[in-house]
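Structure first, commentary second.
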Amino acid sequence: MTETKAIIQLTDVHKQYGSDGITTKVLHGIDLTLQQGEFTALIGPSGSGKSTLLNIIGLLEQPTSGIIEVQGSKTGLLSEDELTAVRGRSLGFVFQFHHLIPAFSALENVMMPLMLAQGRPTSAQRLRAEELLTRVGLADRLDFKPGKLSGGQQQRVAIARALALNPPLILADEPTGNLDTAAADEIFKLLREVNQDSGTTFLIVTHDPRLAGRCSRVVELVDGRIVT
Amino acid sequence: MRIEWLLALRFLREGRAQTFFMLGGVTMGVGVIVFLTSLITGLQRSIIEKTLGTQAHVVMRPPDDEARRIIKADRSLAVSANVERRAQRLSSILQWQQIMRDLEKRPEVTAVSPLVAGPSFAIRGSATKSVALMGIDPERYTRIVPMPSFMKEGEFRVTANDTAIGIDLARELGVTLGDKIRLQTADGRSETVTVAGIFDVGIRDLNRRWVFITLRSAQNLLDLVGGVSSLDVTVRDLFTAEIISEQLAGQTGLTAESWMKTNAQLMVGLKSQSASSYLIQFFVIISVAFGIASVLVVSVIQKTREVGILRAMGCSRRRIQRIFLLQGGVVGLTGSLLGSGLGALLVTFFAKTAINPDGTPVFPVVLELNMFLIAAGVATITCILAAAAPAARAARLDPVVAIRNA
């Protein structure tokens, strides 16, 4: 494991919305590199472009201009289907509102990325999901539907799901945003553990300066520019 | 189970009320189609059976006598003549035995029966009735018209001495089994026969006029020794009768008339009945399709967030589309099964309540596997097509917007 291996590299990324005169510039020339194993906080006031940047890094949105490289390969010329495949392979998402699929149990939600990658459920996937849920402390909640879990528990399931395919990079958008302080601390601790145990790179969008302070690196975005 | 199936089935199970309404729609639709189809098929089949109970599928007759000019026109002679159509005398089919043997060899022909038919009087005491002599070979004729099944009294025994007459003629002449009647033709030939059977074919005109005698007796009475006036033919497939009759006419030089021509009015009636039933079925299918499509559109909107999450986790657009198409297909297939049951139940119930005074059903229920398969196939395909627009809409969802707005 070399410390300098770049998981993702953004070069002069611009993003503007709208066309025909009325345009809103959201990102102004972002240069950002995330090295393997980094645990980075992305902070900034509302409207600074944090979510847009996260979506662009997550390959959910295309930049207006600029280059994005995921593990050394440029993504600019990839088709929608190819982007979807890279997303499935290289990226895990943890959303603020956890976004589990209510019709499926905790176990099945964690299996979902694996099932999507392999086309069908297998017993190996089940074992992997059990292992992940045990790791996030939900060994006794495997067959619970999301509706029967607390906010913190749901977010743990979401983290387990993000880890399912063992992606090199996990993007978390306000993962503790709607949790109380105690639960937020727990979740943060869990993310940090995963980072240290597996060397997974994290980019965490947060409002909470307390949490940001506990990250190894802080990137601050103001008016679409990186200031630190 | 593939992931698409897992997701489709789970989404259906989760959207209970919606799934219920969609299933209800398809069930009703298929039920109506099965009910209508079996009702109309049953009715039409019974009408055709009744009509053809006393008719051959194809009747072959000698060609009409043509008036011919004696003087032929040539280059030096112009002929002006008013040629009248000649009166058609009773004539025989030439070489009828040979033609009959040839007809019997054809695979599509199931039975051939020679007939000598002509006018006559039936006389008993002072009663004289105009009748139609039916000179037949009983064994062959009953293969075409099942006379023994129409017998009210006695049996269908037609010999040189015995005859079978209709129930109305028997009443008019006041005869019962064992009584004798005299048959006399216009030119004075006559024969006396004993009534051995009285039949009721369900058509009053025939019950009043038909008198069955042997081929030989009829040939004698009608002065058609060795000849027959027509050949009755039945074919394997009823509805090919017209085509076959044209072929037979072309090959034998005789005139041939199919039951479809003879009963043209009936055919028009049956065809328009079928057409109106198809029209109803078409609109039933369309309205089911609209119902499915509108429910699925709502379901796609409700599932926006799930679709967004799946897309973010690496689920392709095509897979999202398949998930929603599958929901349509599953609803279509399940609804068809339920609907087939419902339709079968309805038509059986209907047939049980609609009975003749004597307890027999007004029409036979026709429940054929084919009909169910076609109805299920059409319903399933319709549902998948109806799901196409909602599925395309789901596939087009932008994951960012889907996740943010949900």
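Quick note on naming: the chains in the structure tokens go A, B, ... in the order shown, residues restart at 1 in each chain, and ligands are numbered from 1 in order of appearance.
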Note to self: Residues of region 53-215 of chain A classed as helix (DSSP H, G or I) by DSSP on the backbone are to be reported as a PyMOL selection string.
What the structure shows: chain A and resi 53-57+80-90+106-118+123-135+139-141+146-148+151-163+181-198+209-212
I'd like the contact shell of Pro175 (chain A) - 8 Å cut-off, only C-alpha atoms, skipping same-chain residues fewer than 5 positions apart - returned as a PyMOL selection string.
chain A and resi 94-98+155+187+204-206
CA of Leu238 (chain B) to CA of Pro107 (chain B) measures 13.8 Å
(message) Given only C-alpha atoms as the basis, pick out the residue of B:Pro119, B:Gly269, B:Gly329, B:Gly377 nearest to Arg189 (chain B).
(response)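 Once distances to Arg189 (chain B) are computed over only C-alpha atoms, the minimum belongs to B:Pro119.
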Item to complete: For chain A, report every residue with an atom at most 7 Å from chain B (counting only C-alpha atoms), formatted as a ChimeraX atom specification.
Response: /A:60,81,84-85,87-88,99,101,103,113,115-116,119-121
Kindly save the residues from that selection, with all heavy atoms included, as an mmCIF file, in the first residue's frame.
data_model
loop_
_atom_site.group_PDB
_atom_site.id
_atom_site.type_symbol
_atom_site.label_atom_id
_atom_site.label_comp_id
_atom_site.auth_asym_id
_atom_site.auth_seq_id
_atom_site.Cartn_x
_atom_site.Cartn_y
_atom_site.Cartn_z
ATOM 1 N N LEU A 60 -22.400 11.099 -10.327
ATOM 2 C CA LEU A 60 -23.845 11.205 -10.520
ATOM 3 C C LEU A 60 -24.156 12.410 -11.395
ATOM 4 O O LEU A 60 -25.213 12.495 -11.997
ATOM 5 C CB LEU A 60 -24.545 11.352 -9.167
ATOM 6 C CG LEU A 60 -24.505 10.101 -8.267
ATOM 7 C CD1 LEU A 60 -24.922 10.443 -6.852
ATOM 8 C CD2 LEU A 60 -25.384 9.000 -8.832
ATOM 9 N N ASP A 81 -23.859 4.136 -19.157
ATOM 10 C CA ASP A 81 -23.791 2.770 -18.633
ATOM 11 C C ASP A 81 -22.424 2.481 -18.017
ATOM 12 O O ASP A 81 -22.322 1.823 -16.984
ATOM 13 C CB ASP A 81 -24.084 1.750 -19.747
ATOM 14 C CG ASP A 81 -25.577 1.609 -19.990
ATOM 15 O OD1 ASP A 81 -26.349 2.163 -19.171
ATOM 16 O OD2 ASP A 81 -25.962 0.981 -20.982
ATOM 17 N N THR A 84 -22.169 4.151 -14.719
ATOM 18 C CA THR A 84 -22.922 3.383 -13.728
ATOM 19 C C THR A 84 -22.083 2.215 -13.218
ATOM 20 O O THR A 84 -22.051 1.925 -12.031
ATOM 21 C CB THR A 84 -24.233 2.861 -14.351
ATOM 22 O OG1 THR A 84 -24.964 3.979 -14.838
ATOM 23 C CG2 THR A 84 -25.072 2.123 -13.330
ATOM 24 N N ALA A 85 -21.362 1.588 -14.141
ATOM 25 C CA ALA A 85 -20.552 0.425 -13.765
ATOM 26 C C ALA A 85 -19.398 0.855 -12.860
ATOM 27 O O ALA A 85 -19.119 0.225 -11.841
ATOM 28 C CB ALA A 85 -20.018 -0.266 -15.021
ATOM 29 N N ARG A 87 -19.318 3.453 -10.955
ATOM 30 C CA ARG A 87 -19.933 3.848 -9.699
ATOM 31 C C ARG A 87 -20.146 2.623 -8.817
ATOM 32 O O ARG A 87 -19.836 2.609 -7.637
ATOM 33 C CB ARG A 87 -21.268 4.526 -10.005
ATOM 34 C CG ARG A 87 -21.746 5.437 -8.914
ATOM 35 C CD ARG A 87 -22.712 6.450 -9.484
ATOM 36 N NE ARG A 87 -23.833 5.817 -10.147
ATOM 37 C CZ ARG A 87 -24.380 6.275 -11.267
ATOM 38 N NH1 ARG A 87 -23.923 7.349 -11.847
ATOM 39 N NH2 ARG A 87 -25.401 5.652 -11.793
ATOM 40 N N GLY A 88 -20.695 1.575 -9.427
ATOM 41 C CA GLY A 88 -20.976 0.359 -8.666
ATOM 42 C C GLY A 88 -19.695 -0.269 -8.127
ATOM 43 O O GLY A 88 -19.681 -0.812 -7.033
ATOM 44 N N HIS A 99 -31.500 6.534 3.106
ATOM 45 C CA HIS A 99 -31.990 6.001 1.837
ATOM 46 C C HIS A 99 -31.878 4.492 1.712
ATOM 47 O O HIS A 99 -31.304 3.966 0.770
ATOM 48 C CB HIS A 99 -31.261 6.655 0.650
ATOM 49 C CG HIS A 99 -31.680 8.069 0.438
ATOM 50 N ND1 HIS A 99 -32.954 8.517 0.683
ATOM 51 C CD2 HIS A 99 -30.989 9.149 -0.015
ATOM 52 C CE1 HIS A 99 -33.023 9.792 0.410
ATOM 53 N NE2 HIS A 99 -31.851 10.208 -0.005
ATOM 54 N N ILE A 101 -33.898 0.877 1.164
ATOM 55 C CA ILE A 101 -35.113 0.545 0.411
ATOM 56 C C ILE A 101 -36.093 -0.123 1.371
ATOM 57 O O ILE A 101 -35.803 -1.190 1.916
ATOM 58 C CB ILE A 101 -34.777 -0.351 -0.787
ATOM 59 C CG1 ILE A 101 -33.792 0.406 -1.695
ATOM 60 C CG2 ILE A 101 -36.031 -0.723 -1.553
ATOM 61 C CD1 ILE A 101 -33.368 -0.333 -2.915
ATOM 62 N N ALA A 103 -38.782 -1.775 1.250
ATOM 63 C CA ALA A 103 -39.394 -3.084 1.023
ATOM 64 C C ALA A 103 -38.451 -4.238 1.375
ATOM 65 O O ALA A 103 -38.863 -5.385 1.390
ATOM 66 C CB ALA A 103 -39.837 -3.209 -0.426
ATOM 67 N N PRO A 113 -26.091 -3.959 -3.278
ATOM 68 C CA PRO A 113 -25.027 -3.665 -4.260
ATOM 69 C C PRO A 113 -24.402 -4.944 -4.816
ATOM 70 O O PRO A 113 -24.038 -5.001 -5.990
ATOM 71 C CB PRO A 113 -23.992 -2.882 -3.439
ATOM 72 C CG PRO A 113 -24.716 -2.398 -2.232
ATOM 73 C CD PRO A 113 -25.808 -3.381 -1.959
ATOM 74 N N MET A 115 -25.965 -7.907 -5.098
ATOM 75 C CA MET A 115 -26.943 -8.527 -6.008
ATOM 76 C C MET A 115 -26.951 -7.802 -7.345
ATOM 77 O O MET A 115 -27.038 -8.420 -8.408
ATOM 78 C CB MET A 115 -28.337 -8.508 -5.383
ATOM 79 C CG MET A 115 -28.467 -9.389 -4.157
ATOM 80 S SD MET A 115 -30.187 -9.655 -3.657
ATOM 81 C CE MET A 115 -30.596 -8.118 -2.873
ATOM 82 N N LEU A 116 -26.846 -6.450 -7.279
ATOM 83 C CA LEU A 116 -26.840 -5.687 -8.530
ATOM 84 C C LEU A 116 -25.592 -6.003 -9.342
ATOM 85 O O LEU A 116 -25.651 -6.095 -10.566
ATOM 86 C CB LEU A 116 -26.922 -4.194 -8.234
ATOM 87 C CG LEU A 116 -28.279 -3.686 -7.759
ATOM 88 C CD1 LEU A 116 -28.171 -2.252 -7.269
ATOM 89 C CD2 LEU A 116 -29.309 -3.788 -8.872
ATOM 90 N N GLY A 119 -26.084 -9.878 -10.295
ATOM 91 C CA GLY A 119 -27.309 -10.222 -11.020
ATOM 92 C C GLY A 119 -28.316 -11.024 -10.236
ATOM 93 O O GLY A 119 -29.477 -11.072 -10.597
ATOM 94 N N ARG A 120 -27.879 -11.690 -9.181
ATOM 95 C CA ARG A 120 -28.820 -12.500 -8.397
ATOM 96 C C ARG A 120 -28.268 -12.699 -6.995
ATOM 97 O O ARG A 120 -27.068 -12.583 -6.777
ATOM 98 C CB ARG A 120 -29.046 -13.857 -9.072
ATOM 99 C CG ARG A 120 -27.777 -14.695 -9.190
ATOM 100 C CD ARG A 120 -28.044 -16.028 -9.839
ATOM 101 N NE ARG A 120 -28.303 -15.861 -11.273
ATOM 102 C CZ ARG A 120 -29.443 -16.208 -11.847
ATOM 103 N NH1 ARG A 120 -30.405 -16.736 -11.130
ATOM 104 N NH2 ARG A 120 -29.606 -16.051 -13.136
ATOM 105 N N PRO A 121 -29.140 -12.966 -6.016
ATOM 106 C CA PRO A 121 -28.653 -13.196 -4.656
ATOM 107 C C PRO A 121 -27.947 -14.545 -4.532
ATOM 108 O O PRO A 121 -28.330 -15.504 -5.204
ATOM 109 C CB PRO A 121 -29.932 -13.182 -3.812
ATOM 110 C CG PRO A 121 -31.061 -13.374 -4.742
ATOM 111 C CD PRO A 121 -30.601 -13.054 -6.118
#
query: Which residues in region 26-211 of chain A does DSSP call strand (DSSP E)? List them as a PyMOL selection string.
result: chain A and resi 26-35+39-43+65-70+73-74+91-94+169-173+201-205
Would you write out those residues with C-alpha atoms, as a PDB file, in the first residue's frame?
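Generated output (result-v5.pdb):
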ATOM      1  CA  VAL A  26     -21.534  26.682  -8.782  1.00  0.00           C
ATOM      2  CA  LEU A  27     -17.938  25.454  -8.977  1.00  0.00           C
ATOM      3  CA  HIS A  28     -15.008  27.571 -10.122  1.00  0.00           C
ATOM      4  CA  GLY A  29     -11.958  25.540 -11.045  1.00  0.00           C
ATOM      5  CA  ILE A  30     -11.753  22.874  -8.379  1.00  0.00           C
ATOM      6  CA  ASP A  31      -8.441  21.012  -8.042  1.00  0.00           C
ATOM      7  CA  LEU A  32      -8.657  18.211  -5.518  1.00  0.00           C
ATOM      8  CA  THR A  33      -6.866  14.935  -4.984  1.00  0.00           C
ATOM      9  CA  LEU A  34      -7.898  12.283  -2.483  1.00  0.00           C
ATOM     10  CA  GLN A  35      -5.165   9.817  -1.597  1.00  0.00           C
ATOM     11  CA  PHE A  39     -10.271  10.628   5.916  1.00  0.00           C
ATOM     12  CA  THR A  40     -11.371  13.982   4.620  1.00  0.00           C
ATOM     13  CA  ALA A  41     -14.111  16.355   5.754  1.00  0.00           C
ATOM     14  CA  LEU A  42     -15.723  18.650   3.192  1.00  0.00           C
ATOM     15  CA  ILE A  43     -17.156  21.706   4.927  1.00  0.00           C
ATOM     16  CA  SER A  65     -15.568  21.352 -17.824  1.00  0.00           C
ATOM     17  CA  GLY A  66     -12.539  19.790 -16.176  1.00  0.00           C
ATOM     18  CA  ILE A  67     -11.067  16.344 -15.743  1.00  0.00           C
ATOM     19  CA  ILE A  68     -12.015  13.652 -13.256  1.00  0.00           C
ATOM     20  CA  GLU A  69      -9.833  10.607 -12.824  1.00  0.00           C
ATOM     21  CA  VAL A  70     -10.972   7.649 -10.776  1.00  0.00           C
ATOM     22  CA  SER A  73      -8.680   6.572 -15.456  1.00  0.00           C
ATOM     23  CA  LYS A  74     -10.396   9.580 -16.920  1.00  0.00           C
ATOM     24  CA  LEU A  91     -17.810   4.073  -4.949  1.00  0.00           C
ATOM     25  CA  GLY A  92     -19.963   3.627  -1.877  1.00  0.00           C
ATOM     26  CA  PHE A  93     -22.574   6.171  -0.857  1.00  0.00           C
ATOM     27  CA  VAL A  94     -23.893   7.088   2.572  1.00  0.00           C
ATOM     28  CA  LEU A 169     -13.817   5.421  -1.811  1.00  0.00           C
ATOM     29  CA  ILE A 170     -16.902   6.125   0.278  1.00  0.00           C
ATOM     30  CA  LEU A 171     -18.773   9.388  -0.128  1.00  0.00           C
ATOM     31  CA  ALA A 172     -20.907  10.436   2.806  1.00  0.00           C
ATOM     32  CA  ASP A 173     -23.332  13.348   2.588  1.00  0.00           C
ATOM     33  CA  THR A 201     -10.842   6.493   1.663  1.00  0.00           C
ATOM     34  CA  PHE A 202     -13.620   8.720   3.008  1.00  0.00           C
ATOM     35  CA  LEU A 203     -14.975  12.065   1.880  1.00  0.00           C
ATOM     36  CA  ILE A 204     -17.521  13.307   4.388  1.00  0.00           C
ATOM     37  CA  VAL A 205     -19.670  16.358   3.858  1.00  0.00           C
TER      38      VAL A 205
END
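For the choices A:Gln36, A:Gln154, A:Glu82, A:Glu61, the atom-to-atom distance to Gln196 (chain A) is smallest for A:Gln36 when using only C-alpha atoms.
When only C-alpha atoms are used to compute distances to Gly202 (chain B), the closest of the residues B:Val330, B:Ala391, B:Met134, B:Ile167 turns out to be B:Ile167.
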message = Please compute the CA of Gln247 (chain B)-CA of Arg61 (chain B) distance, one decimal, in Å.
response =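 CA of Gln247 (chain B) sits 14.2 Å away from CA of Arg61 (chain B).
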task = Please provide the set of residues having any atom within 8 Å of region 138-140 of chain B, restricted to only C-alpha atoms, with same-chain residues fewer than 2 positions apart removed, written as a list in words.
result = Ala111, Val112, Ser113, Pro114, Ile136, Thr142, Arg143, Ile144, Arg157, Val158 and Thr214 of chain B
Output all heavy atoms of each residue in that selection to a file, as a PDB file, in the first residue's frame.
ATOM      1  N   ALA B 111     -68.226 -37.946 -45.745  1.00  0.00           N
ATOM      2  CA  ALA B 111     -69.337 -38.818 -46.152  1.00  0.00           C
ATOM      3  C   ALA B 111     -69.962 -38.292 -47.429  1.00  0.00           C
ATOM      4  O   ALA B 111     -70.000 -37.082 -47.664  1.00  0.00           O
ATOM      5  CB  ALA B 111     -70.389 -38.898 -45.053  1.00  0.00           C
ATOM      6  N   VAL B 112     -70.430 -39.215 -48.276  1.00  0.00           N
ATOM      7  CA  VAL B 112     -71.146 -38.840 -49.493  1.00  0.00           C
ATOM      8  C   VAL B 112     -72.412 -39.682 -49.551  1.00  0.00           C
ATOM      9  O   VAL B 112     -72.387 -40.863 -49.224  1.00  0.00           O
ATOM     10  CB  VAL B 112     -70.297 -39.125 -50.759  1.00  0.00           C
ATOM     11  CG1 VAL B 112     -71.001 -38.573 -51.990  1.00  0.00           C
ATOM     12  CG2 VAL B 112     -68.909 -38.537 -50.636  1.00  0.00           C
ATOM     13  N   SER B 113     -73.520 -39.059 -49.925  1.00  0.00           N
ATOM     14  CA  SER B 113     -74.770 -39.812 -49.987  1.00  0.00           C
ATOM     15  C   SER B 113     -75.573 -39.386 -51.213  1.00  0.00           C
ATOM     16  O   SER B 113     -75.790 -38.197 -51.440  1.00  0.00           O
ATOM     17  CB  SER B 113     -75.587 -39.556 -48.712  1.00  0.00           C
ATOM     18  OG  SER B 113     -76.877 -40.098 -48.851  1.00  0.00           O
ATOM     19  N   PRO B 114     -75.999 -40.359 -52.035  1.00  0.00           N
ATOM     20  CA  PRO B 114     -76.808 -40.012 -53.210  1.00  0.00           C
ATOM     21  C   PRO B 114     -78.257 -39.762 -52.796  1.00  0.00           C
ATOM     22  O   PRO B 114     -78.746 -40.355 -51.840  1.00  0.00           O
ATOM     23  CB  PRO B 114     -76.693 -41.253 -54.089  1.00  0.00           C
ATOM     24  CG  PRO B 114     -76.449 -42.370 -53.125  1.00  0.00           C
ATOM     25  CD  PRO B 114     -75.744 -41.795 -51.934  1.00  0.00           C
ATOM     26  N   ILE B 136     -83.336 -42.343 -50.730  1.00  0.00           N
ATOM     27  CA  ILE B 136     -81.994 -42.398 -50.132  1.00  0.00           C
ATOM     28  C   ILE B 136     -81.490 -43.824 -50.002  1.00  0.00           C
ATOM     29  O   ILE B 136     -82.237 -44.784 -50.088  1.00  0.00           O
ATOM     30  CB  ILE B 136     -82.000 -41.779 -48.715  1.00  0.00           C
ATOM     31  CG1 ILE B 136     -83.065 -42.478 -47.850  1.00  0.00           C
ATOM     32  CG2 ILE B 136     -82.223 -40.291 -48.773  1.00  0.00           C
ATOM     33  CD1 ILE B 136     -82.842 -42.318 -46.382  1.00  0.00           C
ATOM     34  N   THR B 142     -77.761 -41.572 -43.263  1.00  0.00           N
ATOM     35  CA  THR B 142     -77.691 -41.287 -41.817  1.00  0.00           C
ATOM     36  C   THR B 142     -76.293 -40.842 -41.390  1.00  0.00           C
ATOM     37  O   THR B 142     -76.121 -40.305 -40.311  1.00  0.00           O
ATOM     38  CB  THR B 142     -78.098 -42.519 -40.986  1.00  0.00           C
ATOM     39  OG1 THR B 142     -77.371 -43.653 -41.461  1.00  0.00           O
ATOM     40  CG2 THR B 142     -79.577 -42.789 -41.092  1.00  0.00           C
ATOM     41  N   ARG B 143     -75.306 -41.042 -42.256  1.00  0.00           N
ATOM     42  CA  ARG B 143     -73.984 -40.505 -41.924  1.00  0.00           C
ATOM     43  C   ARG B 143     -73.958 -38.993 -42.134  1.00  0.00           C
ATOM     44  O   ARG B 143     -73.088 -38.304 -41.615  1.00  0.00           O
ATOM     45  CB  ARG B 143     -72.913 -41.169 -42.788  1.00  0.00           C
ATOM     46  CG  ARG B 143     -72.344 -42.419 -42.111  1.00  0.00           C
ATOM     47  CD  ARG B 143     -71.139 -42.907 -42.869  1.00  0.00           C
ATOM     48  NE  ARG B 143     -71.510 -44.010 -43.737  1.00  0.00           N
ATOM     49  CZ  ARG B 143     -70.868 -44.327 -44.850  1.00  0.00           C
ATOM     50  NH1 ARG B 143     -69.841 -43.608 -45.247  1.00  0.00           N
ATOM     51  NH2 ARG B 143     -71.253 -45.358 -45.575  1.00  0.00           N
ATOM     52  N   ILE B 144     -74.907 -38.489 -42.918  1.00  0.00           N
ATOM     53  CA  ILE B 144     -74.938 -37.053 -43.174  1.00  0.00           C
ATOM     54  C   ILE B 144     -75.965 -36.350 -42.298  1.00  0.00           C
ATOM     55  O   ILE B 144     -75.680 -35.342 -41.671  1.00  0.00           O
ATOM     56  CB  ILE B 144     -75.196 -36.792 -44.674  1.00  0.00           C
ATOM     57  CG1 ILE B 144     -73.984 -37.294 -45.448  1.00  0.00           C
ATOM     58  CG2 ILE B 144     -75.506 -35.333 -44.941  1.00  0.00           C
ATOM     59  CD1 ILE B 144     -73.916 -36.880 -46.875  1.00  0.00           C
ATOM     60  N   ARG B 157     -86.471 -46.850 -40.500  1.00  0.00           N
ATOM     61  CA  ARG B 157     -86.275 -48.040 -41.324  1.00  0.00           C
ATOM     62  C   ARG B 157     -86.880 -47.746 -42.687  1.00  0.00           C
ATOM     63  O   ARG B 157     -88.090 -47.593 -42.826  1.00  0.00           O
ATOM     64  CB  ARG B 157     -86.963 -49.249 -40.664  1.00  0.00           C
ATOM     65  CG  ARG B 157     -86.619 -50.588 -41.315  1.00  0.00           C
ATOM     66  CD  ARG B 157     -87.219 -51.739 -40.525  1.00  0.00           C
ATOM     67  NE  ARG B 157     -88.655 -51.801 -40.690  1.00  0.00           N
ATOM     68  CZ  ARG B 157     -89.525 -51.822 -39.681  1.00  0.00           C
ATOM     69  NH1 ARG B 157     -89.103 -51.777 -38.435  1.00  0.00           N
ATOM     70  NH2 ARG B 157     -90.823 -51.900 -39.921  1.00  0.00           N
ATOM     71  N   VAL B 158     -86.002 -47.605 -43.679  1.00  0.00           N
ATOM     72  CA  VAL B 158     -86.470 -47.269 -45.015  1.00  0.00           C
ATOM     73  C   VAL B 158     -86.153 -48.437 -45.940  1.00  0.00           C
ATOM     74  O   VAL B 158     -85.001 -48.735 -46.199  1.00  0.00           O
ATOM     75  CB  VAL B 158     -85.794 -45.963 -45.528  1.00  0.00           C
ATOM     76  CG1 VAL B 158     -86.258 -45.657 -46.950  1.00  0.00           C
ATOM     77  CG2 VAL B 158     -86.125 -44.810 -44.602  1.00  0.00           C
ATOM     78  N   THR B 214     -86.718 -45.621 -50.508  1.00  0.00           N
ATOM     79  CA  THR B 214     -85.413 -46.066 -51.005  1.00  0.00           C
ATOM     80  C   THR B 214     -85.090 -45.361 -52.312  1.00  0.00           C
ATOM     81  O   THR B 214     -85.959 -44.824 -53.005  1.00  0.00           O
ATOM     82  CB  THR B 214     -85.396 -47.579 -51.264  1.00  0.00           C
ATOM     83  OG1 THR B 214     -86.385 -47.862 -52.247  1.00  0.00           O
ATOM     84  CG2 THR B 214     -85.661 -48.365 -50.006  1.00  0.00           C
TER      85      THR B 214
END
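Distance annotation: of B:Ala388, B:Val365, B:Ile165, B:Ala241, the residue with the minimal separation from Arg208 (chain B) is B:Ile165; atom set is only C-alpha atoms.
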ask   = What is the distance between CA of Val235 (chain B) and CA of Ile47 (chain B), in Å to one decimal?
value =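 It comes out at 18.1 Å.
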Can you pull out the residues contacting Arg135 (chain A)? Cut-off 10 Å, using only C-alpha atoms, and skip same-chain residues under 4 positions away; I want them as JSON, numbers by chain.
{"A": [129, 130, 131, 139, 156, 160, 190, 194]}
